[in-house]
$ cat coords-v5.cif   # mmCIF, C-alpha atoms
data_run
loop_
_atom_site.label_atom_id
_atom_site.label_comp_id
_atom_site.auth_asym_id
_atom_site.auth_seq_id
_atom_site.Cartn_x
_atom_site.Cartn_y
_atom_site.Cartn_z
CA MET K 1 9.68 -82.40 -0.31
CA LYS K 2 11.40 -84.37 2.49
CA THR K 3 14.78 -83.83 0.86
CA LYS K 4 14.19 -80.10 0.58
CA SER K 5 13.05 -79.94 4.21
CA PHE K 6 16.13 -81.85 5.36
CA LEU K 7 18.38 -79.37 3.55
CA ILE K 8 16.81 -76.41 5.32
CA VAL K 9 17.10 -78.17 8.71
CA ALA K 10 20.75 -79.09 8.11
CA MET K 11 21.62 -75.57 7.00
CA LEU K 12 19.89 -74.10 10.04
CA ILE K 13 21.90 -76.30 12.40
CA ALA K 14 25.16 -75.28 10.75
CA LEU K 15 24.33 -71.58 10.81
CA ILE K 16 23.04 -71.48 14.37
CA SER K 17 26.24 -73.05 15.68
CA GLY K 18 28.18 -69.88 14.71
CA ASN K 19 28.49 -66.62 16.64
CA LEU K 20 26.35 -64.53 14.33
CA PHE K 21 25.13 -61.84 16.71
CA ALA K 22 28.58 -60.30 16.99
CA GLU K 23 28.68 -59.95 13.22
CA LYS K 24 25.47 -57.89 13.17
CA GLU K 25 24.14 -60.08 10.37
CA THR K 26 21.06 -62.26 10.32
CA ASP K 27 21.95 -65.09 8.00
CA ILE K 28 20.59 -67.61 10.48
CA VAL K 29 17.96 -69.11 8.23
CA PRO K 30 18.73 -70.12 4.64
CA THR K 31 16.47 -69.49 1.70
CA TYR K 32 14.47 -72.39 0.33
CA PRO K 33 16.79 -74.60 -1.77
CA GLY K 34 16.75 -73.56 -5.42
CA SER K 35 15.26 -70.12 -4.73
CA SER K 36 16.15 -67.13 -6.87
CA CYS K 37 16.34 -64.04 -4.66
CA TYR K 38 15.87 -60.62 -6.23
CA HIS K 39 16.14 -58.52 -3.09
CA ASP K 40 18.40 -58.87 -0.03
CA ASP K 41 18.30 -56.05 2.51
CA LYS K 42 20.50 -56.23 5.61
CA ILE K 43 18.54 -53.60 7.46
CA GLY K 44 20.58 -53.55 10.67
CA TYR K 45 19.23 -52.96 14.16
CA GLU K 46 15.57 -51.96 13.94
CA GLU K 47 12.21 -52.74 15.47
CA PHE K 48 9.94 -55.24 13.76
CA PHE K 49 6.40 -56.47 14.35
CA VAL K 50 6.00 -60.24 14.37
CA GLY K 51 2.59 -61.83 13.90
CA VAL K 52 2.14 -64.25 16.80
CA GLY K 53 -1.48 -65.28 16.42
CA GLN K 54 -4.94 -64.63 15.10
CA THR K 55 -7.87 -63.34 17.14
CA SER K 56 -11.36 -64.83 16.98
CA ASP K 57 -12.50 -61.99 14.71
CA GLY K 58 -9.70 -62.69 12.21
CA LYS K 59 -7.31 -59.92 13.17
CA ALA K 60 -3.58 -60.52 13.53
CA GLU K 61 -1.96 -60.37 16.96
CA ILE K 62 1.46 -58.77 16.72
CA ARG K 63 4.50 -58.46 18.98
CA LYS K 64 7.16 -55.76 18.67
CA VAL K 65 10.74 -57.03 18.76
CA GLU K 66 14.07 -55.27 18.29
CA GLY K 67 17.14 -56.78 16.71
CA TYR K 68 19.31 -57.16 13.64
CA ILE K 69 17.04 -57.66 10.65
CA ARG K 70 17.66 -59.25 7.28
CA HIS K 71 14.87 -59.14 4.67
CA ARG K 72 14.89 -61.19 1.47
CA PHE K 73 12.46 -61.58 -1.45
CA CYS K 74 12.76 -64.74 -3.53
CA TYR K 75 11.10 -66.75 -6.29
CA VAL K 76 10.66 -70.43 -5.46
CA PRO K 77 11.63 -73.24 -7.84
CA SER K 78 9.02 -74.23 -10.40
CA GLY K 79 6.39 -76.60 -9.06
CA ARG K 80 6.67 -75.59 -5.40
CA SER K 81 3.54 -74.35 -3.63
CA GLN K 82 3.03 -71.67 -1.00
CA LEU K 83 2.00 -74.30 1.54
CA GLU K 84 5.16 -76.32 0.91
CA ILE K 85 7.35 -73.29 1.63
CA ILE K 86 5.50 -72.55 4.87
CA LYS K 87 5.58 -76.19 6.05
CA ASN K 88 9.30 -76.52 5.36
CA TYR K 89 10.18 -73.49 7.48
CA GLU K 90 7.80 -74.64 10.21
CA GLU K 91 9.48 -78.06 10.32
CA ALA K 92 12.95 -76.51 10.28
CA VAL K 93 12.19 -74.25 13.26
CA LEU K 94 10.71 -77.11 15.29
CA LYS K 95 13.59 -79.48 14.54
CA ASN K 96 16.02 -76.86 15.82
CA GLY K 97 14.30 -76.64 19.19
CA GLY K 98 12.17 -73.65 18.31
CA SER K 99 8.49 -72.84 18.67
CA VAL K 100 5.85 -71.85 16.14
CA PHE K 101 3.97 -68.65 16.89
CA SER K 102 1.50 -68.62 14.06
CA THR K 103 0.56 -69.92 10.65
CA LEU K 104 -1.99 -67.59 9.09
CA ASN K 105 -3.99 -68.67 6.07
CA LYS K 106 -6.74 -66.05 5.96
CA LYS K 107 -5.75 -63.60 3.21
CA GLU K 108 -7.36 -60.54 4.77
CA CYS K 109 -5.58 -61.23 8.05
CA VAL K 110 -2.21 -61.68 6.34
CA LYS K 111 -2.65 -58.49 4.29
CA ALA K 112 -3.69 -56.48 7.34
CA PHE K 113 -0.66 -57.68 9.24
CA MET K 114 1.70 -56.93 6.36
CA LYS K 115 0.54 -53.33 6.22
CA LYS K 116 0.45 -52.86 9.99
CA GLY K 117 3.42 -54.96 10.98
CA HIS K 118 6.31 -53.42 9.06
CA PRO K 119 5.06 -50.80 6.61
CA LYS K 120 8.28 -48.80 6.30
CA HIS K 121 10.00 -51.73 4.63
CA TYR K 122 7.54 -51.47 1.72
CA GLN K 123 8.17 -47.87 0.77
CA THR K 124 11.47 -47.82 -1.10
CA LYS K 125 11.20 -50.34 -3.95
CA TYR K 126 8.31 -51.30 -6.20
CA GLU K 127 8.91 -54.99 -5.45
CA TYR K 128 7.98 -54.33 -1.84
CA MET K 129 4.56 -53.12 -2.91
CA GLN K 130 3.63 -56.42 -4.53
CA LEU K 131 3.63 -58.74 -1.55
CA PRO K 132 0.99 -57.09 0.66
CA SER K 133 -1.45 -57.11 -2.26
CA TYR K 134 -0.99 -60.78 -3.13
CA ALA K 135 0.02 -62.24 0.25
CA GLY K 136 -1.49 -65.66 0.84
CA LYS K 137 0.16 -67.37 3.81
CA TYR K 138 2.21 -66.30 6.81
CA PHE K 139 4.48 -68.18 9.22
CA SER K 140 6.35 -67.00 12.30
CA GLY K 141 8.47 -68.79 14.86
CA ILE K 142 11.40 -68.43 17.21
CA ILE K 143 14.56 -70.44 17.87
CA PRO K 144 15.88 -69.59 21.36
CA THR K 145 19.53 -70.19 22.29
CA ASP K 146 21.64 -69.24 25.31
CA THR K 147 23.05 -66.12 23.65
CA VAL K 148 20.67 -65.11 20.85
CA ASP K 149 16.98 -65.58 20.04
CA TYR K 150 16.17 -65.97 16.35
CA TYR K 151 12.78 -64.84 15.02
CA VAL K 152 11.73 -66.18 11.62
CA CYS K 153 8.90 -64.68 9.53
CA VAL K 154 7.86 -66.00 6.12
CA VAL K 155 5.14 -64.59 3.87
CA THR K 156 4.20 -66.26 0.59
CA ALA K 157 2.31 -64.91 -2.41
CA LYS K 158 1.52 -65.71 -6.02
CA VAL K 159 2.42 -62.89 -8.41
CA ASP K 160 1.93 -63.25 -12.18
CA GLY K 161 1.63 -67.00 -11.81
CA LYS K 162 4.87 -67.33 -9.83
CA VAL K 163 5.18 -68.19 -6.13
CA VAL K 164 7.33 -65.70 -4.24
CA TYR K 165 8.12 -65.34 -0.57
CA SER K 166 9.49 -62.83 1.88
CA LEU K 167 11.93 -64.18 4.46
CA VAL K 168 12.61 -61.94 7.45
CA THR K 169 15.06 -62.98 10.16
CA ILE K 170 15.62 -61.03 13.37
CA GLU K 171 18.45 -61.61 15.85
CA THR K 172 17.54 -60.44 19.33
CA LYS K 173 19.29 -60.72 22.64
CA PRO K 174 17.47 -63.13 24.97
CA MET K 175 15.32 -61.68 27.72
CA ASP K 176 17.26 -60.12 30.61
CA LYS K 177 16.56 -61.75 33.94
CA GLY K 178 15.12 -59.37 36.49
CA MET K 179 13.48 -57.08 33.94
CA ILE K 180 9.85 -58.08 33.80
CA SER K 181 7.57 -56.63 31.14
CA LEU K 182 4.43 -57.64 29.31
CA GLU K 183 6.57 -58.44 26.27
CA ASN K 184 8.97 -60.83 27.97
CA LEU K 185 6.18 -62.40 30.01
CA ASP K 186 4.40 -63.19 26.77
CA ALA K 187 7.57 -64.35 25.03
CA GLY K 188 8.58 -66.65 27.88
CA LEU K 189 5.17 -68.21 28.35
CA VAL K 190 4.56 -68.66 24.62
CA THR K 191 7.95 -70.17 23.79
CA LYS K 192 8.77 -72.10 26.96
CA GLY K 193 5.57 -72.33 28.98
CA HIS K 194 7.15 -70.68 32.01
CA ILE K 195 9.17 -67.62 33.00
CA ALA K 196 11.40 -66.86 35.98
CA ILE K 197 10.68 -63.64 37.88
CA TYR K 198 13.64 -62.09 39.69
CA ASP K 199 12.19 -58.78 40.81
CA ILE K 200 9.78 -59.99 43.46
CA TYR K 201 11.66 -59.40 46.72
CA PHE K 202 11.08 -60.92 50.16
CA GLU K 203 12.34 -60.24 53.65
CA THR K 204 15.22 -62.61 54.40
CA GLY K 205 13.92 -66.00 55.51
CA LYS K 206 10.31 -64.75 55.44
CA SER K 207 7.32 -64.58 53.12
CA GLU K 208 6.69 -60.84 53.47
CA ILE K 209 6.88 -59.18 50.05
CA LYS K 210 8.92 -55.99 49.92
CA GLY K 211 7.49 -52.78 48.53
CA GLU K 212 9.93 -52.65 45.60
CA SER K 213 8.10 -55.67 44.17
CA TYR K 214 5.04 -53.58 43.31
CA ASP K 215 5.90 -52.86 39.67
CA ALA K 216 6.61 -56.53 38.91
CA LEU K 217 3.37 -57.67 40.55
CA LYS K 218 1.41 -55.00 38.71
CA THR K 219 2.87 -56.13 35.37
CA ILE K 220 2.16 -59.80 36.09
CA ALA K 221 -1.41 -58.96 37.09
CA GLU K 222 -1.92 -56.93 33.93
CA TYR K 223 -0.80 -59.89 31.86
CA LEU K 224 -2.99 -62.36 33.76
CA ASN K 225 -6.01 -60.08 33.52
CA THR K 226 -5.69 -60.04 29.74
CA HIS K 227 -5.37 -63.85 29.58
CA THR K 228 -8.31 -64.84 31.73
CA ASP K 229 -8.97 -67.95 29.67
CA LYS K 230 -5.76 -69.54 30.97
CA GLN K 231 -4.58 -70.90 34.32
CA TYR K 232 -1.15 -70.58 35.87
CA LEU K 233 1.02 -71.97 38.64
CA VAL K 234 3.04 -69.61 40.81
CA VAL K 235 6.06 -71.66 41.89
CA GLY K 236 8.51 -70.64 44.61
CA HIS K 237 12.20 -71.60 44.38
CA THR K 238 15.12 -71.23 46.81
CA ASP K 239 18.86 -71.90 46.82
CA ASN K 240 20.28 -74.82 48.82
CA VAL K 241 21.37 -72.87 51.89
CA GLY K 242 19.85 -74.29 55.08
CA ASP K 243 17.53 -77.19 55.79
CA PHE K 244 15.80 -78.81 52.81
CA GLU K 245 12.37 -79.09 54.45
CA ALA K 246 12.57 -75.52 55.71
CA ASN K 247 13.32 -74.31 52.18
CA ILE K 248 10.37 -76.27 50.80
CA LYS K 249 8.11 -74.62 53.38
CA LEU K 250 9.58 -71.16 52.72
CA SER K 251 9.16 -71.46 48.95
CA ASN K 252 5.57 -72.58 49.44
CA VAL K 253 4.55 -69.70 51.72
CA ARG K 254 6.27 -67.23 49.40
CA ALA K 255 4.36 -68.57 46.41
CA ASN K 256 1.16 -68.30 48.47
CA ALA K 257 2.02 -64.71 49.33
CA VAL K 258 2.46 -63.80 45.66
CA VAL K 259 -0.86 -65.40 44.74
CA ASP K 260 -2.64 -63.62 47.60
CA ARG K 261 -1.15 -60.27 46.59
CA LEU K 262 -2.19 -60.71 42.96
CA ILE K 263 -5.75 -61.61 43.95
CA VAL K 264 -6.31 -59.08 46.74
CA ASN K 265 -4.36 -56.07 45.47
CA HIS K 266 -4.54 -56.52 41.70
CA SER K 267 -7.95 -58.14 41.12
CA VAL K 268 -6.66 -61.32 39.49
CA ASN K 269 -9.28 -64.09 39.39
CA LYS K 270 -8.39 -66.65 42.07
CA GLU K 271 -9.52 -69.46 39.75
CA GLN K 272 -6.57 -68.63 37.48
CA LEU K 273 -3.87 -69.29 40.05
CA LYS K 274 -2.41 -72.07 42.15
CA SER K 275 0.72 -71.83 44.30
CA TYR K 276 3.41 -74.41 44.86
CA GLY K 277 6.86 -74.46 46.44
CA VAL K 278 9.72 -76.71 45.41
CA GLY K 279 12.54 -75.23 47.49
CA PRO K 280 15.96 -76.05 46.02
CA ALA K 281 14.66 -79.01 43.97
CA ALA K 282 14.73 -77.31 40.55
CA PRO K 283 17.86 -75.15 40.24
CA VAL K 284 18.68 -73.32 37.03
CA SER K 285 22.31 -72.81 38.00
CA SER K 286 24.95 -74.29 40.30
CA ASN K 287 24.62 -73.37 43.97
CA SER K 288 28.42 -73.36 44.30
CA THR K 289 28.62 -69.61 43.61
CA ASP K 290 26.74 -66.58 44.90
CA GLU K 291 25.68 -65.75 41.34
CA GLY K 292 24.24 -69.24 40.89
CA LYS K 293 22.37 -69.05 44.17
CA ALA K 294 20.87 -65.71 43.14
CA LYS K 295 19.59 -67.25 39.91
CA ASN K 296 18.00 -70.12 41.83
CA ARG K 297 16.11 -67.80 44.21
CA ARG K 298 13.13 -66.93 42.09
CA VAL K 299 9.39 -67.13 41.51
CA GLU K 300 8.22 -68.76 38.29
CA ILE K 301 4.95 -68.30 36.45
CA VAL K 302 4.02 -71.57 34.73
CA GLU K 303 1.19 -71.92 32.23
CA GLN K 304 -0.97 -74.98 32.94
#
$ encode --input "coords-v5.cif" --output "structure tokens"
Amino acid sequence: MKTKSFLIVAMLIALISGNLFAEKETDIVPTYPGSSCYHDDKIGYEEFFVGVGQTSDGKAEIRKVEGYIRHRFCYVPSGRSQLEIIKNYEEAVLKNGGSVFSTLNKKECVKAFMKKGHPKHYQTKYEYMQLPSYAGKYFSGIIPTDTVDYYVCVVTAKVDGKVVYSLVTIETKPMDKGMISLENLDAGLVTKGHIAIYDIYFETGKSEIKGESYDALKTIAEYLNTHTDKQYLVVGHTDNVGDFEANIKLSNVRANAVVDRLIVNHSVNKEQLKSYGVGPAAPVSSNSTDEGKAKNRRVEIVEQ
């Protein structure tokens, strides 16, 4: 099993190093070594629903993503189990710097997701009808890079005594900075534990929040109010222009202002939030250019 896992990891590294997004093809994740694939559909740019978790009542949580989709059905080599397939892809994603969204083992949950998540891909061929009926295990993860994010979804089943699996890969462009939504809030916090917000605007050198920040604050509050079991830091960041201590103070009062606005105007529980300012101490780009400075001036939401 270790040898097979190593092969998948090595193949992933080789494939990810290429510029695949420009080719409109999602061959980013290889099939399990020795697999015999009987269906390979390069669907193109479509929406897809990725299972990212399981609720307390056993239902699948799903996230809609858009990108270039490739969908394969394969038989596994004799003697390989459903669990082994899932574990190998899980290990491969993690070793390539990715994150695991979900590993579902409850059959009813997997079946419900398969029918809800991407039903149109089960309507054209009889093979597609088999997997939802026999689905046993489900895995999903993401491998983020600077230019492309790679979603990986694997579903296993046992049909007529043989283990089969569906491998879906989706190439998506990474989240655009300055375009906050519930989807990219969730994606950033799930995969990285933090997300930079670029559309909260302040008066120059002050902590007063401008009116055009309303939509971003409303979206953040909506997300927080649906994740009340978690706590978050609101962290202020500046560029390196001016005095260091003054920037630390400014970033701190701006973070405080965001927290106050979320609590007072958007009914976020104050126990969920803490504010902190780090000034220019944690840049995400060089301050040598105006573009870099703009990237460094931000508010970040950090899951604790």
$ axis_aligned_box --input "coords-v5.cif" --around "segment 217-226 of chain K" --padding-each-side "3 Å" --output "AutoDock Vina command-line options"
--center_x -1.3 --center_y -58.7 --center_z 35.1 --size_x 15.4 --size_y 13.4 --size_z 16.8
$ residues_around --input "coords-v5.cif" --residues "Asn252 of chain K" --least-positions-apart "4" --cutoff "7 Å" --atoms "only C-alpha atoms" --output "VMD selection string"
chain K and resid 236 248 256 276 to 277
$ atom_distance --input "coords-v5.cif" --atom1 "atom CA of Val76 of chain K" --atom2 "atom CA of Val163 of chain K"
6.0 Å
$ closest_residue --input "coords-v5.cif" --among "K:Thr169, K:Ser251, K:Thr156, K:Ser267" --to "Leu83 of chain K" --atoms "only C-alpha atoms"
K:Thr156
$ closest_residue --input "coords-v5.cif" --among "K:His266, K:His237, K:Lys87, K:Lys249" --to "Val299 of chain K" --atoms "all atoms listed in the file"
K:His237
$ atom_distance --input "coords-v5.cif" --atom1 "atom CA of Ile85 of chain K" --atom2 "atom CA of Pro30 of chain K"
12.2 Å
$ resolve_selection --input "coords-v5.cif" --expression "the PyMOL selection byres ((chain K and resi 229) around 12)" --output "ChimeraX atom specification"
/K:223-228,230-232,269,271-273,303-304
$ residues_around --input "coords-v5.cif" --residues "Leu189 of chain K" --least-positions-apart "6" --cutoff "10 Å" --atoms "only C-alpha atoms" --output "NGL selection string"
:K and (195-196 or 301-303)
$ write_last_selection --input "coords-v5.cif" --atoms "C-alpha atoms" --output "PDB file, keeping the file's coordinate frame"
ATOM      1  CA  ILE K 195       9.170 -67.620  33.000  1.00  0.00           C
ATOM      2  CA  ALA K 196      11.400 -66.860  35.980  1.00  0.00           C
ATOM      3  CA  ILE K 301       4.950 -68.300  36.450  1.00  0.00           C
ATOM      4  CA  VAL K 302       4.020 -71.570  34.730  1.00  0.00           C
ATOM      5  CA  GLU K 303       1.190 -71.920  32.230  1.00  0.00           C
TER       6      GLU K 303
END
$ closest_residue --input "coords-v5.cif" --among "K:Lys270, K:Phe244, K:Ile200, K:Asn265" --to "Glu300 of chain K" --atoms "all atoms listed in the file"
K:Ile200
